[in-house]
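Here is structure14.txt, consisting of compact mmCIF, C-alpha atoms:
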# COMPACT_ATOMS: atom_id res chain seq x y z
CA MET A 1 -73.48 13.42 97.19
CA PRO A 2 -72.06 15.25 100.25
CA ARG A 3 -68.34 15.90 100.30
CA GLN A 4 -66.44 13.34 102.33
CA LEU A 5 -64.50 14.53 105.35
CA HIS A 6 -60.86 14.10 106.23
CA LEU A 7 -60.33 12.96 109.82
CA SER A 8 -57.20 12.82 111.94
CA ALA A 9 -56.40 12.64 115.64
CA ALA A 10 -53.71 13.43 118.18
CA LEU A 11 -52.21 10.54 120.16
CA ASP A 12 -50.79 12.78 122.90
CA SER A 13 -50.75 10.85 126.19
CA PRO A 14 -48.83 12.68 128.93
CA GLY A 15 -46.89 10.33 131.16
CA ARG A 16 -47.14 7.34 128.81
CA PHE A 17 -43.90 6.07 127.36
CA ASP A 18 -44.56 2.40 126.57
CA ALA A 19 -44.58 1.25 122.97
CA ALA A 20 -47.61 -1.00 123.50
CA HIS A 21 -49.79 1.98 124.45
CA PHE A 22 -49.03 3.89 121.26
CA THR A 23 -49.31 0.75 119.17
CA ASP A 24 -52.81 0.17 120.53
CA LEU A 25 -53.78 3.78 119.80
CA ALA A 26 -52.46 3.58 116.25
CA ARG A 27 -54.41 0.40 115.62
CA LEU A 28 -57.59 2.03 116.89
CA ALA A 29 -56.98 5.00 114.61
CA GLU A 30 -56.37 2.69 111.68
CA ARG A 31 -59.53 0.74 112.48
CA ALA A 32 -61.36 4.03 112.10
CA ALA A 33 -59.50 4.62 108.80
CA LEU A 34 -58.30 8.04 109.97
CA ASP A 35 -56.15 9.90 107.46
CA PHE A 36 -53.33 10.43 109.94
CA VAL A 37 -52.35 10.80 113.57
CA THR A 38 -50.06 13.34 115.22
CA LEU A 39 -47.86 13.23 118.31
CA ASP A 40 -46.65 16.36 120.05
CA ASP A 41 -43.02 16.90 120.99
CA SER A 42 -40.79 19.54 122.53
CA TYR A 43 -37.36 19.94 124.07
CA THR A 44 -38.76 20.70 127.51
CA PRO A 45 -37.12 18.26 129.96
CA GLU A 46 -40.01 16.10 131.15
CA PRO A 47 -39.88 12.59 132.64
CA GLY A 48 -41.34 10.01 130.29
CA ARG A 49 -41.40 12.16 127.14
CA LEU A 50 -40.77 10.12 124.02
CA ASP A 51 -39.32 11.44 120.79
CA ALA A 52 -42.33 11.74 118.49
CA LEU A 53 -40.55 10.88 115.27
CA ALA A 54 -38.83 7.82 116.75
CA THR A 55 -42.15 6.67 118.25
CA PHE A 56 -43.83 6.86 114.85
CA ALA A 57 -40.95 4.99 113.25
CA ARG A 58 -41.80 2.21 115.71
CA LEU A 59 -45.48 2.36 114.66
CA ALA A 60 -44.79 2.26 110.92
CA PRO A 61 -44.33 -1.55 110.69
CA VAL A 62 -47.48 -2.29 112.72
CA THR A 63 -49.74 -0.08 110.57
CA SER A 64 -50.46 -0.19 106.87
CA GLY A 65 -52.76 2.69 105.92
CA LEU A 66 -52.51 5.26 108.70
CA GLY A 67 -50.57 8.47 108.09
CA LEU A 68 -47.90 9.30 110.70
CA VAL A 69 -47.26 13.00 111.32
CA PRO A 70 -44.94 13.67 114.28
CA THR A 71 -44.06 17.10 115.58
CA VAL A 72 -40.45 17.91 114.70
CA THR A 73 -39.05 21.13 116.13
CA THR A 74 -36.94 23.38 113.92
CA THR A 75 -35.38 25.46 116.71
CA HIS A 76 -31.91 24.31 117.84
CA THR A 77 -31.78 21.75 114.99
CA GLU A 78 -30.50 21.66 111.43
CA PRO A 79 -32.78 21.23 108.39
CA PHE A 80 -30.38 18.68 106.89
CA HIS A 81 -30.95 16.33 109.84
CA THR A 82 -34.69 17.02 109.95
CA SER A 83 -35.09 16.28 106.25
CA ILE A 84 -33.27 12.95 106.56
CA ALA A 85 -35.24 11.89 109.64
CA VAL A 86 -38.64 12.65 108.06
CA ASN A 87 -37.50 11.09 104.77
CA THR A 88 -36.54 7.92 106.65
CA LEU A 89 -40.00 7.77 108.24
CA ASP A 90 -41.51 8.09 104.77
CA TRP A 91 -39.44 5.15 103.56
CA VAL A 92 -40.15 2.86 106.53
CA SER A 93 -43.89 3.67 106.35
CA GLU A 94 -43.93 3.28 102.55
CA GLY A 95 -45.14 6.80 101.89
CA ARG A 96 -47.28 7.61 104.95
CA ALA A 97 -45.11 10.23 106.68
CA GLY A 98 -45.69 13.86 107.44
CA TRP A 99 -44.09 16.60 109.51
CA LEU A 100 -45.94 18.83 111.96
CA VAL A 101 -43.65 21.84 112.19
CA GLY A 102 -42.90 23.05 115.72
CA VAL A 103 -40.74 25.70 117.35
CA SER A 104 -39.04 25.93 120.74
CA ASP A 105 -39.71 29.13 122.69
CA THR A 106 -38.71 28.52 126.32
CA GLU A 107 -35.53 29.19 128.25
CA ALA A 108 -35.63 25.64 129.65
CA GLU A 109 -35.46 24.19 126.14
CA ALA A 110 -32.64 26.56 125.19
CA ARG A 111 -30.68 25.56 128.32
CA ALA A 112 -31.16 21.87 127.45
CA PHE A 113 -29.15 22.51 124.28
CA GLY A 114 -26.81 25.11 125.69
CA ARG A 115 -26.46 26.77 122.31
CA ARG A 116 -28.42 30.02 122.48
CA GLY A 117 -31.23 31.80 124.26
CA THR A 118 -34.82 32.18 123.19
CA ALA A 119 -35.92 34.37 120.29
CA PRO A 120 -39.16 36.26 119.56
CA ALA A 121 -41.94 34.17 118.02
CA GLU A 122 -41.70 35.93 114.67
CA LYS A 123 -38.04 34.96 114.35
CA LEU A 124 -38.72 31.38 115.42
CA TRP A 125 -41.40 30.99 112.74
CA ALA A 126 -39.30 32.73 110.10
CA GLU A 127 -36.55 30.24 110.94
CA ALA A 128 -39.09 27.40 110.68
CA ALA A 129 -40.02 28.62 107.20
CA ASP A 130 -36.34 28.61 106.27
CA ALA A 131 -35.98 25.05 107.60
CA ALA A 132 -39.06 23.82 105.71
CA ASP A 133 -37.78 25.38 102.49
CA ALA A 134 -34.35 23.78 102.86
CA ALA A 135 -35.83 20.38 103.76
CA SER A 136 -38.14 20.40 100.74
CA ARG A 137 -35.21 21.20 98.49
CA LEU A 138 -33.17 18.39 100.02
CA TRP A 139 -36.04 15.97 99.32
CA ASP A 140 -35.93 17.16 95.72
CA SER A 141 -32.14 16.86 95.45
CA TRP A 142 -32.43 13.25 94.25
CA GLU A 143 -34.51 12.82 91.12
CA ASP A 144 -36.98 9.95 91.28
CA ASP A 145 -34.92 7.70 89.03
CA ALA A 146 -31.47 8.65 90.33
CA GLU A 147 -30.89 5.14 91.71
CA ILE A 148 -29.68 2.56 89.21
CA ARG A 149 -28.70 -0.34 91.52
CA ASP A 150 -27.42 -2.44 88.63
CA ALA A 151 -25.13 -5.01 90.25
CA ALA A 152 -24.27 -6.56 86.88
CA THR A 153 -22.66 -3.35 85.64
CA GLY A 154 -21.67 -1.96 89.04
CA ARG A 155 -23.77 1.19 88.54
CA PHE A 156 -25.48 2.44 91.70
CA VAL A 157 -26.57 6.03 91.13
CA ASP A 158 -26.75 8.45 88.25
CA ARG A 159 -24.78 11.43 89.52
CA ALA A 160 -26.35 13.71 86.95
CA LYS A 161 -29.63 13.20 88.80
CA LEU A 162 -28.25 14.25 92.19
CA HIS A 163 -28.23 17.99 92.78
CA HIS A 164 -26.56 20.46 95.11
CA ILE A 165 -29.39 22.64 96.37
CA ASP A 166 -27.06 25.57 97.21
CA PHE A 167 -29.68 26.97 99.59
CA GLU A 168 -28.99 30.38 101.12
CA GLY A 169 -31.69 31.61 103.50
CA PRO A 170 -31.81 34.13 106.32
CA TYR A 171 -31.10 31.41 108.91
CA PHE A 172 -29.53 28.44 107.12
CA SER A 173 -27.02 27.76 104.37
CA VAL A 174 -27.24 24.22 102.99
CA ARG A 175 -25.35 22.87 100.00
CA GLY A 176 -26.71 19.32 99.78
CA PRO A 177 -27.48 16.97 98.17
CA SER A 178 -29.28 14.72 100.66
CA ILE A 179 -27.69 11.42 101.67
CA THR A 180 -30.98 9.54 101.25
CA PRO A 181 -32.95 8.96 98.03
CA ARG A 182 -36.06 10.99 97.29
CA PRO A 183 -38.99 10.09 99.59
CA PRO A 184 -41.73 7.80 98.25
CA GLN A 185 -44.16 10.75 98.34
CA GLY A 186 -41.68 13.06 96.64
CA ARG A 187 -42.11 15.34 99.63
CA PRO A 188 -43.67 14.15 102.90
CA VAL A 189 -46.76 16.10 103.92
CA ILE A 190 -45.99 19.29 105.88
CA ALA A 191 -48.51 20.45 108.49
CA VAL A 192 -48.68 23.63 110.59
CA THR A 193 -51.05 24.49 113.43
CA VAL A 194 -52.61 27.96 113.07
CA ALA A 195 -55.03 29.82 115.34
CA ALA A 196 -57.79 31.96 113.87
CA ALA A 197 -56.41 34.83 115.97
CA ASP A 198 -53.18 34.60 113.95
CA LEU A 199 -55.18 35.75 110.92
CA ALA A 200 -56.90 38.69 112.60
CA PRO A 201 -55.97 42.25 111.51
CA ASP A 202 -54.53 42.90 114.95
CA ALA A 203 -52.48 39.69 115.10
CA GLY A 204 -49.02 40.04 116.55
CA PRO A 205 -45.83 39.50 114.54
CA GLY A 206 -45.48 35.94 115.82
CA GLY A 207 -48.93 34.99 114.56
CA ARG A 208 -48.34 36.65 111.22
CA ALA A 209 -45.05 34.77 110.82
CA ARG A 210 -46.74 31.45 111.64
CA VAL A 211 -49.44 32.13 109.03
CA ALA A 212 -46.81 33.08 106.45
CA THR A 213 -44.98 29.80 107.11
CA ALA A 214 -48.19 27.82 106.72
CA ALA A 215 -49.28 29.64 103.57
CA ARG A 216 -45.95 29.12 101.87
CA HIS A 217 -44.94 25.63 102.97
CA ALA A 218 -47.87 23.68 104.47
CA ASP A 219 -49.93 21.02 102.73
CA VAL A 220 -52.21 20.77 105.77
CA VAL A 221 -53.26 23.40 108.33
CA LEU A 222 -54.67 22.37 111.71
CA LEU A 223 -56.94 25.31 112.51
CA ASP A 224 -57.88 26.42 116.02
CA ALA A 225 -61.10 28.48 115.96
CA PRO A 226 -63.65 29.08 118.74
CA ASP A 227 -66.79 28.75 116.60
CA ARG A 228 -68.07 27.90 113.11
CA ALA A 229 -68.31 31.50 111.89
CA THR A 230 -64.74 32.28 112.93
CA ARG A 231 -63.61 29.04 111.36
CA LEU A 232 -65.20 29.95 108.04
CA THR A 233 -63.56 33.38 107.99
CA ALA A 234 -60.15 31.95 108.91
CA ALA A 235 -60.37 29.09 106.41
CA THR A 236 -61.31 31.48 103.61
CA GLU A 237 -58.34 33.70 104.41
CA LEU A 238 -55.98 30.71 104.58
CA ARG A 239 -57.08 29.53 101.13
CA LEU A 240 -56.52 32.99 99.71
CA ARG A 241 -52.97 32.91 101.03
CA GLY A 242 -52.08 29.24 100.62
CA GLY A 243 -54.10 28.19 97.56
CA GLU A 244 -57.04 25.90 96.98
CA ALA A 245 -54.90 22.76 97.30
CA LEU A 246 -54.35 23.51 101.00
CA ARG A 247 -56.13 21.02 103.26
CA ILE A 248 -57.61 22.68 106.35
CA LEU A 249 -58.74 20.56 109.31
CA ALA A 250 -60.51 22.15 112.27
CA ARG A 251 -58.75 21.24 115.49
CA ILE A 252 -61.39 20.13 118.02
CA PRO A 253 -60.86 18.85 121.60
CA VAL A 254 -63.20 15.91 122.30
CA ALA A 255 -64.22 13.87 125.33
CA LEU A 256 -66.51 11.12 124.07
CA THR A 257 -67.70 10.02 127.51
CA THR A 258 -71.43 10.11 126.83
CA ALA A 259 -73.90 9.57 124.04
CA ALA A 260 -74.57 13.31 124.08
CA ALA A 261 -70.91 14.12 123.47
CA THR A 262 -70.79 11.65 120.61
CA ALA A 263 -73.96 13.11 119.10
CA ALA A 264 -72.50 16.61 119.38
CA LEU A 265 -69.44 15.56 117.38
CA LEU A 266 -71.66 13.97 114.73
CA THR A 267 -73.73 17.14 114.52
CA GLU A 268 -70.58 19.23 114.14
CA ALA A 269 -69.36 16.99 111.33
CA THR A 270 -72.71 16.76 109.57
CA GLU A 271 -73.50 20.52 109.41
CA GLY A 272 -70.90 21.74 106.95
CA GLY A 273 -67.86 22.51 109.20
CA GLY A 274 -67.16 26.16 108.44
CA GLY A 275 -65.29 25.90 105.16
CA VAL A 276 -62.83 23.24 106.33
CA ASP A 277 -61.99 19.88 104.79
CA GLY A 278 -62.45 17.91 107.98
CA PHE A 279 -61.45 17.65 111.61
CA HIS A 280 -58.35 17.01 113.67
CA LEU A 281 -59.55 15.57 116.96
CA VAL A 282 -57.66 16.09 120.22
CA PRO A 283 -58.99 13.37 122.56
CA ALA A 284 -59.12 13.91 126.31
CA ASP A 285 -58.53 10.16 126.73
CA PRO A 286 -57.07 8.77 123.50
CA ALA A 287 -57.75 5.09 124.23
CA ARG A 288 -61.39 5.69 125.18
CA ASP A 289 -62.18 8.36 122.62
CA LEU A 290 -60.54 6.63 119.66
CA ALA A 291 -62.52 3.47 120.43
CA VAL A 292 -65.78 5.46 120.41
CA LEU A 293 -64.65 7.15 117.23
CA ALA A 294 -63.97 3.83 115.50
CA ASP A 295 -67.07 2.00 116.77
CA HIS A 296 -69.72 4.73 116.70
CA VAL A 297 -68.75 8.04 115.10
CA VAL A 298 -67.09 6.81 111.92
CA PRO A 299 -69.83 4.23 111.12
CA ALA A 300 -72.45 6.96 111.56
CA LEU A 301 -70.53 9.30 109.26
CA ARG A 302 -70.32 6.54 106.67
CA GLU A 303 -74.08 6.03 106.81
CA ARG A 304 -74.46 9.71 105.97
CA GLY A 305 -71.97 9.42 103.10
CA LEU A 306 -69.53 11.74 104.89
CA PHE A 307 -66.58 9.36 105.31
CA ARG A 308 -64.94 6.74 103.15
CA THR A 309 -65.24 3.03 103.94
CA GLY A 310 -61.53 2.35 103.87
CA TYR A 311 -58.16 3.59 102.70
CA THR A 312 -57.77 4.68 99.11
CA GLY A 313 -54.46 5.02 97.31
CA ARG A 314 -51.08 4.10 98.73
CA THR A 315 -49.62 7.20 100.37
CA LEU A 316 -50.71 9.91 102.78
CA ARG A 317 -50.79 12.32 99.85
CA ASP A 318 -53.21 9.94 98.13
CA ARG A 319 -55.47 9.93 101.21
CA LEU A 320 -55.53 13.72 101.30
CA GLY A 321 -55.99 14.16 97.57
CA LEU A 322 -52.65 15.93 97.22
CA ALA A 323 -50.58 15.62 94.05
CA ARG A 324 -47.11 14.11 94.22
CA PRO A 325 -44.75 17.01 93.43
CA ALA A 326 -42.02 16.67 90.84
CA SER A 327 -38.43 17.41 91.82
CA ARG A 328 -37.73 21.06 91.10
CA TYR A 329 -34.24 20.06 89.93
CA ALA A 330 -35.31 17.39 87.45
CA SER A 331 -34.75 18.11 83.78
CA ALA A 332 -34.50 16.10 80.60
CA ALA A 333 -30.96 17.35 80.11
CA THR A 334 -29.64 15.48 83.14
CA SER A 335 -30.20 12.05 81.63
CA SER A 336 -27.95 12.70 78.66
CA ALA A 337 -24.84 12.63 80.82
CA SER A 338 -25.77 9.52 82.79
CA SER A 339 -23.47 7.13 80.92
CA SER A 340 -20.35 9.07 81.89
CA THR A 341 -21.34 10.29 85.36
CA THR A 342 -22.63 7.20 87.17
CA THR A 343 -21.08 5.93 90.37
CA ASP A 344 -19.73 2.38 90.19
CA ILE A 345 -19.67 -0.24 92.93
CA SER A 346 -16.80 -2.67 92.67
CA ALA A 347 -17.17 -6.39 93.21
CA ALA A 348 -15.86 -5.92 96.74
CA GLY A 349 -18.64 -3.43 97.43
CA THR A 350 -16.36 -0.36 97.60
CA PRO A 351 -17.66 2.74 95.84
CA ALA A 352 -15.53 3.91 92.95
CA THR A 353 -16.18 6.76 90.57
CA ALA A 354 -16.51 6.18 86.85
CA GLY A 355 -15.90 9.10 84.53
CA THR A 356 -15.89 12.73 85.49
CA PRO A 357 -16.70 14.83 87.40
CA THR A 358 -15.74 13.11 90.66
CA ARG A 359 -18.37 11.91 93.05
CA PRO A 360 -19.60 14.47 95.64
CA ALA A 361 -18.54 13.59 99.17
CA ALA A 362 -22.13 13.70 100.44
CA THR A 363 -23.20 10.74 98.32
CA ALA A 364 -20.50 8.50 99.78
CA GLU A 365 -22.74 7.82 102.76
CA VAL A 366 -25.71 6.62 100.72
CA THR A 367 -26.48 3.00 101.52
CA ARG A 368 -30.00 2.50 100.17
Please render this file's structure as structure tokens.
Amino acid sequence: MPRQLHLSAALDSPGRFDAAHFTDLARLAERAALDFVTLDDSYTPEPGRLDALATFARLAPVTSGLGLVPTVTTTHTEPFHTSIAVNTLDWVSEGRAGWLVGVSDTEAEARAFGRRGTAPAEKLWAEAADAADAASRLWDSWEDDAEIRDAATGRFVDRAKLHHIDFEGPYFSVRGPSITPRPPQGRPVIAVTVAAADLAPDAGPGGRARVATAARHADVVLLDAPDRATRLTAATELRLRGGEALRILARIPVALTTAAATAALLTEATEGGGGVDGFHLVPADPARDLAVLADHVVPALRERGLFRTGYTGRTLRDRLGLARPASRYASAATSSASSSTTTDISAAGTPATAGTPTRPAATAEVTR
């Protein structure tokens, strides 16, 4: 049997800022059973630009199987806030969230924040790596069974299963723990876009830093490559650096305006794919192209045994065949202290601490 492809698509629609438009696109993508969709974002002041993460939070209740992977920029932001925002999307989508890591490299974006000027690309991507590391640790800072929620005994959370991450990186210092419970996926899927040129021997420092970030922190790489041979070389190098579990999707612009264009995409998908696991499609006209994808391309791929007939598993990690990671802070020893270190909730609903040590201030904001 041929190996089945992973398929995803970008919903980028310049100038469109109505919820109904993106809802329709998401439903088309879900009709095609795509693994996930992305939405670009930046801090460039542009009329009509919507926040990608907030837009996908709006789409979560009107979809049930589609993965939602917004671009979230690490420049000018704090990893604590990023981790909570992506974690929240994972909760409201019931485990279908991801994070396409982005950086901000223009003076206009810097002026919008008024905090600092631009930095070289290598520093921006090194900072992004720092942010991804801190966010992953914050997702791990609650063990999976840290919540007790026992109203009869007034026990809400086992404090022994909440952990200060004490993260010290080149760009960020974060103590933690998070103020939200561990995401349904353990860690939402992290994606990074990489160009084949970033992997070339003569790549600049910015490209090398982007590749290093992807190799260390990404679950999915969206790969830009001009042809199949270049794609194969780049994908092979990425797997050497990031491991065999890395999912690599070739990023392909499409304009499915004619039967010939549709046939070309089918041919591309049918002939191997250059060592990648599938394709991330960037439609010229999302509404038109996603409809063609759902009604013609995906059924043809299914006939060839190259694409699944529906969604399998519950989470985006399930769709991509990625294991759910364990919390790096979990240990059997933490449970032994649970009886004397749980946080009580009084009958009036006011948190009160039972036993010692005292409750960390960060957990006082937890409402889940």
Could you tell me how far atom CA of Tyr311 of chain A lies from atom CA of Ala33 of chain A, in Å and to one decimal?
->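 Atom CA of Ala33 of chain A lies 6.3 Å from atom CA of Tyr311 of chain A.
The smallest atom-to-atom distance between Thr77 of chain A and any of A:Asp40, A:Glu94, A:Glu127, A:Asp35, using all atoms listed in the file, is found for A:Glu127.
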Between A:His296, A:Arg308, A:Arg241, A:Arg247, which has the minimum distance to His280 of chain A (counting only C-alpha atoms)?
->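 Residue with the minimum atom-to-atom distance to His280 of chain A: A:Arg247.
Using all atoms listed in the file, the nearest neighbour of Gly98 of chain A within the list A:Val220, A:Ala128, A:Ala112, A:Ala212 is A:Val220.
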Would you kindly return, as number ranges by chain, each protein, DNA or RNA residue with an atom no farther than 7 Å from any atom of Leu138 of chain A, considering only C-alpha atoms and excluding same-chain residues fewer than 5 positions away?
-> A: 83, 165, 176-178
Can you list, as a PyMOL selection string, every protein, DNA or RNA residue that comes within 10 Å of Thr74 of chain A when you count only C-alpha atoms, leaving out same-chain residues fewer than 6 positions away?
-> chain A and resi 82+101-104+124-125+127-132
Of the listed residues A:His81, A:His163, A:Ala326, A:Pro253, that which approaches Asp12 of chain A most closely, counting all atoms listed in the file |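 Smallest distance to Asp12 of chain A is found for A:Pro253.
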With only C-alpha atoms as the atoms that count, which of A:Arg27, A:Arg58, A:Arg314, A:Arg149 lies nearest to Ala287 of chain A?
-> A:Arg27
Each segment 236-310 of chain A residue no farther than 12 Å from segment 189-199 of chain A, nearest pair in Å, all atoms listed in the file, as a tab-separated table:
residue	atom	partner	partner_atom	distance
A:Thr236	CA	A:Leu199	CA	10.5
A:Glu237	CA	A:Leu199	CA	7.5
A:Leu238	CA	A:Leu199	CA	8.1
A:Arg239	CA	A:Leu199	CA	11.8
A:Leu240	CA	A:Leu199	CA	11.6
A:Arg241	CA	A:Leu199	CA	10.5
A:Gly242	CA	A:Val192	CA	11.9
A:Leu246	CA	A:Ala191	CA	10.0
A:Arg247	CA	A:Ala191	CA	9.3
A:Ile248	CA	A:Ala191	CA	9.6
A:Leu249	CA	A:Thr193	CA	9.6
A:Ala250	CA	A:Thr193	CA	9.8
A:Arg251	CA	A:Thr193	CA	8.6
A:Ile252	CA	A:Ala195	CA	11.9
A:His280	CA	A:Thr193	CA	10.5
Tell me which protein, DNA and RNA residues are within 10 Å of Leu11 of chain A, counting all atoms listed in the file, leaving out same-chain ones fewer than 5 positions away, and put them as an MDAnalysis selection string.
-> chainID A and resid 21:22 25:26 29 37:40 70 281:287 290
Give me a file of those residues, with C-alpha atoms, as a PDB file, in the coordinates of the input.
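Once written, part.pdb looks like this:
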ATOM      1  CA  HIS A  21     -49.790   1.980 124.450  1.00  0.00           C
ATOM      2  CA  PHE A  22     -49.030   3.890 121.260  1.00  0.00           C
ATOM      3  CA  LEU A  25     -53.780   3.780 119.800  1.00  0.00           C
ATOM      4  CA  ALA A  26     -52.460   3.580 116.250  1.00  0.00           C
ATOM      5  CA  ALA A  29     -56.980   5.000 114.610  1.00  0.00           C
ATOM      6  CA  VAL A  37     -52.350  10.800 113.570  1.00  0.00           C
ATOM      7  CA  THR A  38     -50.060  13.340 115.220  1.00  0.00           C
ATOM      8  CA  LEU A  39     -47.860  13.230 118.310  1.00  0.00           C
ATOM      9  CA  ASP A  40     -46.650  16.360 120.050  1.00  0.00           C
ATOM     10  CA  PRO A  70     -44.940  13.670 114.280  1.00  0.00           C
ATOM     11  CA  LEU A 281     -59.550  15.570 116.960  1.00  0.00           C
ATOM     12  CA  VAL A 282     -57.660  16.090 120.220  1.00  0.00           C
ATOM     13  CA  PRO A 283     -58.990  13.370 122.560  1.00  0.00           C
ATOM     14  CA  ALA A 284     -59.120  13.910 126.310  1.00  0.00           C
ATOM     15  CA  ASP A 285     -58.530  10.160 126.730  1.00  0.00           C
ATOM     16  CA  PRO A 286     -57.070   8.770 123.500  1.00  0.00           C
ATOM     17  CA  ALA A 287     -57.750   5.090 124.230  1.00  0.00           C
ATOM     18  CA  LEU A 290     -60.540   6.630 119.660  1.00  0.00           C
TER      19      LEU A 290
END
So which one's closest to Asp295 of chain A, A:Leu256, A:Ala203, A:Thr55, A:His6? Using only C-alpha atoms, please.
->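 Checking each of A:Leu256, A:Ala203, A:Thr55, A:His6 against Asp295 of chain A, counting only C-alpha atoms, the winner is A:Leu256.
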